[in-house]
Structures are given as C-alpha cells and as structure tokens.
file target-v6.tsv (TSV, C-alpha atoms)
chain	number	residue	atom	x	y	z
A	30	MET	CA	-10.26	22.62	27.17
A	31	LYS	CA	-7.63	23.23	29.85
A	32	ILE	CA	-7.79	19.62	31.03
A	33	LEU	CA	-6.25	18.51	27.73
A	34	GLU	CA	-3.11	20.41	28.64
A	35	LYS	CA	-2.70	18.28	31.78
A	36	ILE	CA	-2.25	15.14	29.71
A	37	GLU	CA	1.37	14.03	29.33
A	38	TRP	CA	1.31	13.94	25.53
A	39	GLU	CA	5.07	14.40	25.06
A	40	LYS	CA	5.96	11.73	27.63
A	41	MET	CA	3.79	9.25	25.75
A	42	ASP	CA	4.99	10.25	22.25
A	43	ASP	CA	1.61	11.90	21.60
A	44	LEU	CA	-0.35	8.63	21.94
A	45	ILE	CA	-2.26	8.02	25.16
A	46	PRO	CA	-3.64	4.55	26.00
A	47	VAL	CA	-7.39	4.36	26.55
A	48	ILE	CA	-9.21	1.69	28.53
A	49	THR	CA	-12.80	1.48	27.30
A	50	GLN	CA	-15.41	0.22	29.73
A	51	ASP	CA	-19.14	-0.50	29.48
A	52	SER	CA	-20.83	2.22	31.54
A	53	SER	CA	-23.56	-0.05	32.91
A	54	SER	CA	-21.74	-3.34	33.58
A	55	ASN	CA	-18.20	-1.95	34.06
A	56	GLU	CA	-16.94	-4.71	31.75
A	57	VAL	CA	-13.63	-3.80	30.09
A	58	LEU	CA	-14.32	-3.79	26.35
A	59	MET	CA	-11.02	-2.88	24.73
A	60	LEU	CA	-7.77	-0.95	24.89
A	61	ALA	CA	-6.83	1.57	22.22
A	62	TYR	CA	-4.94	4.84	21.80
A	63	VAL	CA	-5.80	8.48	21.18
A	64	ASN	CA	-3.80	11.44	20.01
A	65	LYS	CA	-4.91	14.95	20.87
A	66	GLU	CA	-7.01	15.33	17.72
A	67	ALA	CA	-8.82	12.02	18.31
A	68	LEU	CA	-9.63	13.03	21.88
A	69	GLU	CA	-10.88	16.43	20.73
A	70	LEU	CA	-13.18	14.73	18.19
A	71	THR	CA	-14.41	12.38	20.91
A	72	LEU	CA	-15.26	15.31	23.20
A	73	LYS	CA	-16.84	17.32	20.38
A	74	ASN	CA	-18.98	14.57	18.84
A	75	GLY	CA	-19.75	12.45	21.90
A	76	PHE	CA	-18.61	9.21	20.28
A	77	ALA	CA	-15.30	7.40	20.79
A	78	HIS	CA	-12.56	8.21	18.27
A	79	TYR	CA	-9.15	6.56	18.42
A	80	PHE	CA	-5.82	6.70	16.63
A	81	SER	CA	-4.97	3.42	14.93
A	82	ARG	CA	-1.27	2.61	15.13
A	83	SER	CA	-1.61	0.02	12.37
A	84	LYS	CA	-3.66	2.22	10.03
A	85	GLN	CA	-1.84	5.39	11.08
A	86	ARG	CA	-5.01	7.45	11.11
A	87	ILE	CA	-7.88	8.55	13.34
A	88	TRP	CA	-10.93	6.30	13.22
A	89	LYS	CA	-14.37	6.54	14.74
A	90	LYS	CA	-15.28	3.33	16.53
A	91	GLY	CA	-17.97	1.69	14.41
A	92	GLU	CA	-17.22	3.62	11.22
A	93	SER	CA	-17.47	0.36	9.25
A	94	SER	CA	-19.60	-1.83	11.52
A	95	ASN	CA	-21.91	0.79	13.09
A	96	HIS	CA	-20.93	-0.70	16.47
A	97	THR	CA	-20.37	2.75	17.93
A	98	GLN	CA	-19.44	3.82	21.45
A	99	LYS	CA	-21.42	6.72	22.89
A	100	ILE	CA	-19.40	8.53	25.54
A	101	VAL	CA	-20.85	8.69	29.04
A	102	ASP	CA	-17.76	9.76	31.01
A	103	ILE	CA	-14.04	10.24	30.43
A	104	PHE	CA	-11.52	10.01	33.25
A	105	LEU	CA	-7.80	10.82	33.42
A	106	ASP	CA	-5.56	8.74	35.70
A	107	CYS	CA	-3.29	10.03	38.49
A	108	ASP	CA	-0.18	10.07	36.24
A	109	ASN	CA	-1.99	12.04	33.53
A	110	ASP	CA	-1.00	9.50	30.89
A	111	THR	CA	-3.93	7.08	30.64
A	112	LEU	CA	-7.61	7.63	29.91
A	113	LEU	CA	-10.75	5.70	30.79
A	114	PHE	CA	-13.74	5.92	28.46
A	115	LYS	CA	-17.07	4.84	29.95
A	116	VAL	CA	-19.38	4.18	27.02
A	117	ILE	CA	-22.70	2.86	25.85
A	118	GLN	CA	-21.63	0.15	23.43
A	119	GLU	CA	-23.79	-0.30	20.35
A	120	GLY	CA	-23.39	-3.90	19.18
A	121	VAL	CA	-19.98	-5.36	20.04
A	122	ALA	CA	-16.56	-3.86	20.71
A	123	CYS	CA	-14.34	-6.55	19.15
A	124	HIS	CA	-13.81	-7.10	15.42
A	125	THR	CA	-14.24	-10.85	16.07
A	126	GLY	CA	-17.89	-10.28	16.92
A	127	ARG	CA	-17.44	-10.62	20.68
A	128	LYS	CA	-18.57	-7.95	23.11
A	129	SER	CA	-15.09	-7.54	24.59
A	130	CYS	CA	-11.64	-7.85	23.06
A	131	PHE	CA	-10.50	-9.70	26.18
A	132	PHE	CA	-11.85	-13.20	25.65
A	133	THR	CA	-8.80	-15.51	25.83
A	134	ASN	CA	-7.75	-16.85	29.23
A	135	ILE	CA	-3.98	-17.27	28.96
A	136	GLN	CA	-3.81	-19.48	32.07
A	137	ASN	CA	-5.87	-22.27	30.55
A	138	GLU	CA	-5.85	-21.07	26.92
A	139	LYS	CA	-9.65	-21.14	26.77
A	140	ILE	CA	-11.99	-18.81	24.88
A	141	VAL	CA	-14.33	-17.50	27.56
A	142	GLU	CA	-16.70	-15.44	25.42
A	143	ASP	CA	-18.87	-16.47	22.50
A	144	VAL	CA	-19.20	-14.65	19.18
A	145	LEU	CA	-22.36	-12.54	19.33
A	146	VAL	CA	-22.28	-10.91	15.91
A	147	ASP	CA	-21.17	-12.26	12.53
A	148	THR	CA	-18.72	-9.59	11.39
A	149	SER	CA	-17.74	-11.34	8.16
A	150	LYS	CA	-20.09	-9.08	6.18
A	151	THR	CA	-19.05	-5.96	8.06
A	152	TYR	CA	-15.44	-5.88	6.98
A	153	SER	CA	-14.08	-6.30	3.48
A	154	VAL	CA	-12.67	-9.68	2.51
A	155	ILE	CA	-9.21	-8.08	2.40
A	156	ASP	CA	-9.49	-6.81	5.97
A	157	SER	CA	-10.88	-10.13	7.19
A	158	LEU	CA	-8.10	-12.06	5.47
A	159	TYR	CA	-5.45	-9.76	6.92
A	160	HIS	CA	-6.82	-10.26	10.45
A	161	THR	CA	-6.79	-14.02	9.89
A	162	ILE	CA	-3.18	-13.91	8.69
A	163	GLN	CA	-2.21	-11.95	11.81
A	164	GLU	CA	-3.92	-14.56	13.98
A	165	ARG	CA	-1.92	-17.34	12.28
A	166	LYS	CA	1.47	-15.85	13.21
A	167	ASN	CA	1.98	-17.95	16.32
A	168	GLU	CA	0.44	-21.19	15.09
A	169	ASP	CA	2.24	-24.47	14.45
A	170	THR	CA	4.16	-24.23	11.17
A	171	THR	CA	3.37	-27.89	10.42
A	172	LYS	CA	-0.36	-27.10	10.49
A	173	SER	CA	-0.50	-23.56	9.11
A	174	TYR	CA	0.93	-22.59	5.73
A	175	THR	CA	0.61	-18.92	6.72
A	176	ALA	CA	2.64	-19.46	9.89
A	177	LYS	CA	5.25	-21.34	7.86
A	178	LEU	CA	5.61	-18.40	5.48
A	179	LEU	CA	5.81	-15.85	8.30
A	180	LYS	CA	8.30	-17.79	10.41
A	181	GLY	CA	10.42	-19.01	7.52
A	182	ASP	CA	13.07	-17.35	5.41
A	183	THR	CA	12.00	-13.93	4.12
A	184	ASN	CA	13.38	-14.66	0.65
A	185	SER	CA	11.20	-17.77	0.41
A	186	MET	CA	8.13	-15.70	1.27
A	187	LEU	CA	9.02	-13.11	-1.36
A	188	LYS	CA	9.78	-15.75	-4.01
A	189	LYS	CA	6.16	-16.90	-3.70
A	190	ILE	CA	4.97	-13.42	-4.65
A	191	VAL	CA	7.24	-13.41	-7.71
A	192	GLU	CA	6.08	-16.92	-8.63
A	193	GLU	CA	2.39	-16.05	-8.35
A	194	ALA	CA	2.92	-12.79	-10.26
A	195	GLY	CA	4.50	-14.75	-13.11
A	196	GLU	CA	1.57	-17.17	-13.24
A	197	PHE	CA	-0.84	-14.24	-13.26
A	198	CYS	CA	1.02	-12.67	-16.18
A	199	PHE	CA	0.85	-15.91	-18.17
A	200	ALA	CA	-2.89	-16.12	-17.52
A	201	ILE	CA	-3.37	-12.58	-18.83
A	202	LYS	CA	-1.17	-13.31	-21.83
A	203	ASP	CA	-3.27	-16.42	-22.58
A	204	LYS	CA	-6.48	-14.39	-22.10
A	205	ASN	CA	-7.62	-16.98	-19.54
A	206	LYS	CA	-9.98	-14.99	-17.31
A	207	ASP	CA	-10.71	-17.73	-14.78
A	208	GLU	CA	-7.01	-18.49	-14.32
A	209	ALA	CA	-6.23	-14.77	-14.05
A	210	ILE	CA	-8.78	-14.40	-11.23
A	211	TYR	CA	-7.37	-17.46	-9.44
A	212	GLU	CA	-3.78	-16.22	-9.70
A	213	ALA	CA	-4.77	-12.69	-8.68
A	214	ALA	CA	-6.24	-14.15	-5.50
A	215	ASP	CA	-2.98	-16.04	-4.88
A	216	ILE	CA	-0.92	-12.88	-5.33
A	217	THR	CA	-3.21	-10.92	-3.03
A	218	TYR	CA	-2.89	-13.52	-0.28
A	219	HIS	CA	0.91	-13.67	-0.49
A	220	ILE	CA	1.22	-9.88	-0.59
A	221	LEU	CA	-0.94	-9.64	2.54
A	222	VAL	CA	1.30	-12.20	4.26
A	223	ALA	CA	4.36	-10.10	3.41
A	224	MET	CA	2.60	-6.96	4.66
A	225	ALA	CA	1.62	-8.75	7.88
A	226	SER	CA	5.27	-9.61	8.46
A	227	LEU	CA	5.86	-5.86	8.84
A	228	ASN	CA	2.45	-5.17	10.44
A	229	ILE	CA	1.36	-2.99	7.51
A	230	ASP	CA	-2.43	-2.76	7.62
A	231	PRO	CA	-4.17	-2.84	4.19
A	232	ASP	CA	-5.82	0.43	5.15
A	233	ARG	CA	-2.43	2.10	4.62
A	234	VAL	CA	-2.55	1.02	0.97
A	235	LYS	CA	-6.12	2.30	0.64
A	236	GLN	CA	-4.99	5.66	2.01
A	237	GLU	CA	-2.14	5.80	-0.50
A	238	LEU	CA	-4.47	4.96	-3.40
A	239	LYS	CA	-6.93	7.61	-2.21
A	240	ARG	CA	-4.09	10.15	-2.11
A	241	ARG	CA	-3.29	9.42	-5.74
A	242	PHE	CA	-6.81	10.16	-6.98
A	243	SER	CA	-6.06	13.87	-7.08
A	244	ILE	CA	-2.87	13.62	-9.14
A	245	SER	CA	-2.01	12.10	-12.48
A	246	GLY	CA	0.03	8.90	-12.70
A	247	ILE	CA	2.83	10.69	-14.54
A	248	GLU	CA	2.92	13.47	-11.94
A	249	GLU	CA	2.95	10.93	-9.09
A	250	LYS	CA	5.86	8.98	-10.59
A	251	ASN	CA	7.85	12.14	-11.21
A	252	SER	CA	7.31	13.23	-7.60
A	253	ARG	CA	8.93	10.10	-6.15
A	254	LYS	CA	12.38	10.48	-4.69
A	255	LYS	CA	15.08	8.90	-6.83
call {"tool": "encode", "arguments": {"input": "target-v6.tsv", "output": "structure tokens"}}
result
Amino acid sequence: MKILEKIEWEKMDDLIPVITQDSSSNEVLMLAYVNKEALELTLKNGFAHYFSRSKQRIWKKGESSNHTQKIVDIFLDCDNDTLLFKVIQEGVACHTGRKSCFFTNIQNEKIVEDVLVDTSKTYSVIDSLYHTIQERKNEDTTKSYTAKLLKGDTNSMLKKIVEEAGEFCFAIKDKNKDEAIYEAADITYHILVAMASLNIDPDRVKQELKRRFSISGIEEKNSRKK
C-alpha cells in the first residue's frame, strides 16, 4: 500500500507509536508500537498486531488471553509518525484485567478503574511474577524486598542468585526433592529480579530456548563467540 510509504519510519527508528481507541466509546485503551511488518499484518488480518520493545518481537494482541482487537479504522497523524487504531475490543486491553491501560490518576494517585477480568490464569506464573517485579520498582524499600534488591547494590542482588544456586545444588546432591523445588523457586525469583533490572522480558529467554530446539547443544556451544 502506498500509504505505508508516507509513514516516517526512518525518523522514528522504524517503530511508530500507536494510540488504540475503542471504536464505539472513543475510550483510549492503550499505547503501543508497530514496525512496518506489524502494521502490514494488522492490515492483512484485520486484527491489531504490535511490536513489543521488551519482547523484541511482533505479537498479536490477545495471542495469549484471546482479548483481541478487531480493526475498524486506522488513521495516520499530520506528522506521519503516529497511528490511531480504532478497534472493537474483545475482553480487556490491559494485562491487569482492566479495560484500559490508563487507570492511575497521577494527580491524586488513585486507581480509577476496577479489574474486570482475572488475568492470573491467562498468563504464565513466570510472566505474572515478572510484571509484579516491574511494578515493585518504585515502591518503598523498607516495605518491598523486591524494591530493595532493585534499588540496592548490584553485587548484592547478584550474590543472592549465587547463594540460592548453591542451596539448590546442595538439595540436588542430598536428593531432597522438596528442598530442590523450593530453592529452584528462589533462584527463579532472583533471576527475574536481575532481568527486570535490565528490562529483559522472560519472553526473550523463551525465544532463545526455542531457537536452540533445532540445533544440538554441542553445536550451539561451539557457535558462541569466544
């Protein structure tokens, strides 16, 4: 489509912001980004596709939750660098279970929208935990252990991973299954905290593991740069 060539892709480093709006109520649901391929998929399939900066991949809205967005109209702004999706929202737009991602009033710090859908069963426990860790970043370090780890010394955060890994190894050595499970959970939590400190979404790890399915472990190790 010729209209795609009007978009200032290069000016925006190939990622264009998208405001997504409910087509019937005009309520703003979310803000996301598209690259050219994501926009082409959106136009071809009639459902909103975005490019996730955290996951570093294209994703169809609702691919996990089935809370899809059927496209009604797409508009390009006057500067040719922002898009507006008008959609029919199936379910809710926000991963928290709220219809809109914009539910916190920063003037009075109040939550102005209730949770409509329990999304705890929609996302994996790893994804849910990672989102929770991200939400803890700005909390009081005297009340949140996660915030304390994230705002503290990096070496202290990393020492906890080493410590938990050691305890896990001892549990395996002792053939203590219950303790091994407990320590594995501890390691997983602390690794996710460290990943959150660099904003590395767990989906990036899933993508890397998926990539390795097609090659042997020996081949993969040999292919790494020294």
call {"tool": "closest_residue", "arguments": {"input": "target-v6.tsv", "among": "A:Thr183, A:Tyr159, A:Ala67, A:Lys128", "to": "A:Ser54", "atoms": "all atoms listed in the file"}}
result
A:Lys128
call {"tool": "atom_distance", "arguments": {"input": "target-v6.tsv", "atom1": "atom CA of A:Phe131", "atom2": "atom CA of A:Tyr152"}}
result
20.2 Å
call {"tool": "residues_around", "arguments": {"input": "target-v6.tsv", "residues": "A:Leu72", "least_positions_apart": "5", "cutoff": "9 Å", "atoms": "only C-alpha atoms", "output": "list in words"}}
result
Ala67, Ala77, Ile100 and Ile103 of chain A
call {"tool": "residues_around", "arguments": {"input": "target-v6.tsv", "residues": "A:Ile48", "least_positions_apart": "5", "cutoff": "9 Å", "atoms": "all atoms listed in the file", "output": "ChimeraX atom specification"}}
result
/A:57-62,111-115
call {"tool": "residues_around", "arguments": {"input": "target-v6.tsv", "residues": "A:Ala214", "least_positions_apart": "5", "cutoff": "10 Å", "atoms": "only C-alpha atoms", "output": "list of chain:residue names"}}
result
A:Glu193, A:Phe197, A:Glu208, A:Ala209, A:His219, A:Ile220
call {"tool": "closest_atom_pairs", "arguments": {"input": "target-v6.tsv", "of": "stretch 97-213 of chain A", "to": "stretch 37-44 of chain A", "cutoff": "9 Å", "atoms": "only C-alpha atoms", "output": "Markdown table"}}
result
| residue | atom | partner | partner_atom | distance |
| --- | --- | --- | --- | --- |
| A:Asp108 | CA | A:Glu37 | CA | 8.1 |
| A:Asn109 | CA | A:Glu37 | CA | 5.7 |
| A:Asp110 | CA | A:Glu37 | CA | 5.3 |
| A:Thr111 | CA | A:Glu37 | CA | 8.8 |
call {"tool": "write_last_selection", "arguments": {"input": "target-v6.tsv", "atoms": "C-alpha atoms", "output": "PDB file, keeping the file's coordinate frame"}}
result
ATOM      1  CA  ASP A 108      -0.180  10.070  36.240  1.00  0.00           C
ATOM      2  CA  ASN A 109      -1.990  12.040  33.530  1.00  0.00           C
ATOM      3  CA  ASP A 110      -1.000   9.500  30.890  1.00  0.00           C
ATOM      4  CA  THR A 111      -3.930   7.080  30.640  1.00  0.00           C
TER       5      THR A 111
END
call {"tool": "atom_distance", "arguments": {"input": "target-v6.tsv", "atom1": "atom CA of A:Ala122", "atom2": "atom CA of A:Thr49"}}
result
9.3 Å
call {"tool": "atom_distance", "arguments": {"input": "target-v6.tsv", "atom1": "atom CA of A:Phe76", "atom2": "atom CA of A:Lys235"}}
result
24.3 Å
call {"tool": "residues_around", "arguments": {"input": "target-v6.tsv", "residues": "A:Gln98", "least_positions_apart": "5", "cutoff": "8 Å", "atoms": "all atoms listed in the file", "output": "number ranges by chain"}}
result
A: 76-77, 90-91, 116-119
call {"tool": "residues_near_point", "arguments": {"input": "target-v6.tsv", "point": "(-2.2, -16.9, -17.8)", "cutoff": "12 Å", "atoms": "all atoms listed in the file", "output": "list in words"}}
result
Glu193, Ala194, Gly195, Glu196, Phe197, Cys198, Phe199, Ala200, Ile201, Lys202, Asp203, Lys204, Asn205, Lys206, Asp207, Glu208, Ala209, Ile210, Tyr211, Glu212 and Ala213 of chain A
call {"tool": "closest_residue", "arguments": {"input": "target-v6.tsv", "among": "A:Lys84, A:Lys166, A:Lys177, A:Lys31", "to": "A:Glu69", "atoms": "only C-alpha atoms"}}
result
A:Lys31
call {"tool": "closest_residue", "arguments": {"input": "target-v6.tsv", "among": "A:Asn64, A:Asn74, A:Ser157, A:Ser129", "to": "A:Asp232", "atoms": "all atoms listed in the file"}}
result
A:Ser157
call {"tool": "residues_around", "arguments": {"input": "target-v6.tsv", "residues": "A:Gln85", "least_positions_apart": "6", "cutoff": "10 Å", "atoms": "all atoms listed in the file", "output": "list in words"}}
result
Ile229, Asp230, Asp232, Arg233 and Gln236 of chain A
call {"tool": "write_last_selection", "arguments": {"input": "target-v6.tsv", "atoms": "C-alpha atoms", "output": "PDB file, in the coordinates of the input"}}
result
ATOM      1  CA  ILE A 229       1.360  -2.990   7.510  1.00  0.00           C
ATOM      2  CA  ASP A 230      -2.430  -2.760   7.620  1.00  0.00           C
ATOM      3  CA  ASP A 232      -5.820   0.430   5.150  1.00  0.00           C
ATOM      4  CA  ARG A 233      -2.430   2.100   4.620  1.00  0.00           C
ATOM      5  CA  GLN A 236      -4.990   5.660   2.010  1.00  0.00           C
TER       6      GLN A 236
END
call {"tool": "closest_residue", "arguments": {"input": "target-v6.tsv", "among": "A:Leu221, A:Ile36, A:Ile140, A:Cys130", "to": "A:Thr161", "atoms": "all atoms listed in the file"}}
result
A:Leu221
call {"tool": "residues_near_point", "arguments": {"input": "target-v6.tsv", "point": "(10.9, -15.2, 8.5)", "cutoff": "12 Å", "atoms": "all atoms listed in the file", "output": "NGL selection string"}}
result
:A and (166 or 170 or 175-187 or 222-223 or 225-227)
call {"tool": "closest_residue", "arguments": {"input": "target-v6.tsv", "among": "A:Glu34, A:Ser52, A:Thr217, A:Ser252", "to": "A:Val154", "atoms": "only C-alpha atoms"}}
result
A:Thr217
call {"tool": "decode", "arguments": {"input": "target-v6.tsv", "residues": "stretch 132-147 of chain A", "atoms": "N, CA, C and O atoms", "output": "PDB file, in the first residue's frame"}}
result
ATOM      1  N   PHE A 132      -5.310   3.784  34.015  1.00  0.00           N
ATOM      2  CA  PHE A 132      -6.243   3.703  35.147  1.00  0.00           C
ATOM      3  C   PHE A 132      -5.709   4.345  36.427  1.00  0.00           C
ATOM      4  O   PHE A 132      -6.374   4.331  37.449  1.00  0.00           O
ATOM      5  N   THR A 133      -4.510   4.932  36.380  1.00  0.00           N
ATOM      6  CA  THR A 133      -3.937   5.573  37.564  1.00  0.00           C
ATOM      7  C   THR A 133      -3.909   7.082  37.374  1.00  0.00           C
ATOM      8  O   THR A 133      -3.257   7.587  36.457  1.00  0.00           O
ATOM      9  N   ASN A 134      -4.622   7.799  38.246  1.00  0.00           N
ATOM     10  CA  ASN A 134      -4.626   9.255  38.224  1.00  0.00           C
ATOM     11  C   ASN A 134      -3.399   9.749  38.988  1.00  0.00           C
ATOM     12  O   ASN A 134      -3.298   9.568  40.202  1.00  0.00           O
ATOM     13  N   ILE A 135      -2.451  10.357  38.285  1.00  0.00           N
ATOM     14  CA  ILE A 135      -1.198  10.747  38.945  1.00  0.00           C
ATOM     15  C   ILE A 135      -1.355  12.006  39.791  1.00  0.00           C
ATOM     16  O   ILE A 135      -0.471  12.333  40.584  1.00  0.00           O
ATOM     17  N   GLN A 136      -2.472  12.723  39.646  1.00  0.00           N
ATOM     18  CA  GLN A 136      -2.685  13.922  40.456  1.00  0.00           C
ATOM     19  C   GLN A 136      -3.092  13.578  41.882  1.00  0.00           C
ATOM     20  O   GLN A 136      -2.683  14.231  42.831  1.00  0.00           O
ATOM     21  N   ASN A 137      -3.914  12.533  42.011  1.00  0.00           N
ATOM     22  CA  ASN A 137      -4.319  12.123  43.362  1.00  0.00           C
ATOM     23  C   ASN A 137      -3.893  10.699  43.703  1.00  0.00           C
ATOM     24  O   ASN A 137      -4.221  10.180  44.768  1.00  0.00           O
ATOM     25  N   GLU A 138      -3.157  10.073  42.755  1.00  0.00           N
ATOM     26  CA  GLU A 138      -2.603   8.723  42.953  1.00  0.00           C
ATOM     27  C   GLU A 138      -3.685   7.675  43.208  1.00  0.00           C
ATOM     28  O   GLU A 138      -3.465   6.691  43.912  1.00  0.00           O
ATOM     29  N   LYS A 139      -4.854   7.875  42.605  1.00  0.00           N
ATOM     30  CA  LYS A 139      -5.951   6.927  42.798  1.00  0.00           C
ATOM     31  C   LYS A 139      -6.123   6.042  41.566  1.00  0.00           C
ATOM     32  O   LYS A 139      -5.892   6.452  40.439  1.00  0.00           O
ATOM     33  N   ILE A 140      -6.536   4.785  41.839  1.00  0.00           N
ATOM     34  CA  ILE A 140      -6.897   3.864  40.771  1.00  0.00           C
ATOM     35  C   ILE A 140      -8.347   4.155  40.402  1.00  0.00           C
ATOM     36  O   ILE A 140      -9.243   4.054  41.250  1.00  0.00           O
ATOM     37  N   VAL A 141      -8.584   4.523  39.152  1.00  0.00           N
ATOM     38  CA  VAL A 141      -9.916   4.983  38.764  1.00  0.00           C
ATOM     39  C   VAL A 141     -10.710   3.939  37.974  1.00  0.00           C
ATOM     40  O   VAL A 141     -11.837   4.210  37.562  1.00  0.00           O
ATOM     41  N   GLU A 142     -10.137   2.760  37.800  1.00  0.00           N
ATOM     42  CA  GLU A 142     -10.831   1.723  37.045  1.00  0.00           C
ATOM     43  C   GLU A 142     -10.654   0.382  37.726  1.00  0.00           C
ATOM     44  O   GLU A 142      -9.548   0.022  38.147  1.00  0.00           O
ATOM     45  N   ASP A 143     -11.742  -0.356  37.851  1.00  0.00           N
ATOM     46  CA  ASP A 143     -11.707  -1.654  38.525  1.00  0.00           C
ATOM     47  C   ASP A 143     -11.224  -2.753  37.584  1.00  0.00           C
ATOM     48  O   ASP A 143     -11.337  -2.649  36.352  1.00  0.00           O
ATOM     49  N   VAL A 144     -10.709  -3.823  38.184  1.00  0.00           N
ATOM     50  CA  VAL A 144     -10.334  -5.015  37.424  1.00  0.00           C
ATOM     51  C   VAL A 144     -11.613  -5.710  36.969  1.00  0.00           C
ATOM     52  O   VAL A 144     -12.503  -5.993  37.779  1.00  0.00           O
ATOM     53  N   LEU A 145     -11.712  -5.973  35.683  1.00  0.00           N
ATOM     54  CA  LEU A 145     -12.906  -6.616  35.123  1.00  0.00           C
ATOM     55  C   LEU A 145     -12.702  -8.100  34.863  1.00  0.00           C
ATOM     56  O   LEU A 145     -13.654  -8.874  34.884  1.00  0.00           O
ATOM     57  N   VAL A 146     -11.463  -8.475  34.609  1.00  0.00           N
ATOM     58  CA  VAL A 146     -11.153  -9.867  34.254  1.00  0.00           C
ATOM     59  C   VAL A 146      -9.970 -10.345  35.070  1.00  0.00           C
ATOM     60  O   VAL A 146      -8.965  -9.633  35.197  1.00  0.00           O
ATOM     61  N   ASP A 147     -10.078 -11.546  35.643  1.00  0.00           N
ATOM     62  CA  ASP A 147      -8.954 -12.143  36.355  1.00  0.00           C
ATOM     63  C   ASP A 147      -7.992 -12.723  35.330  1.00  0.00           C
ATOM     64  O   ASP A 147      -8.293 -13.720  34.667  1.00  0.00           O
TER      65      ASP A 147
END
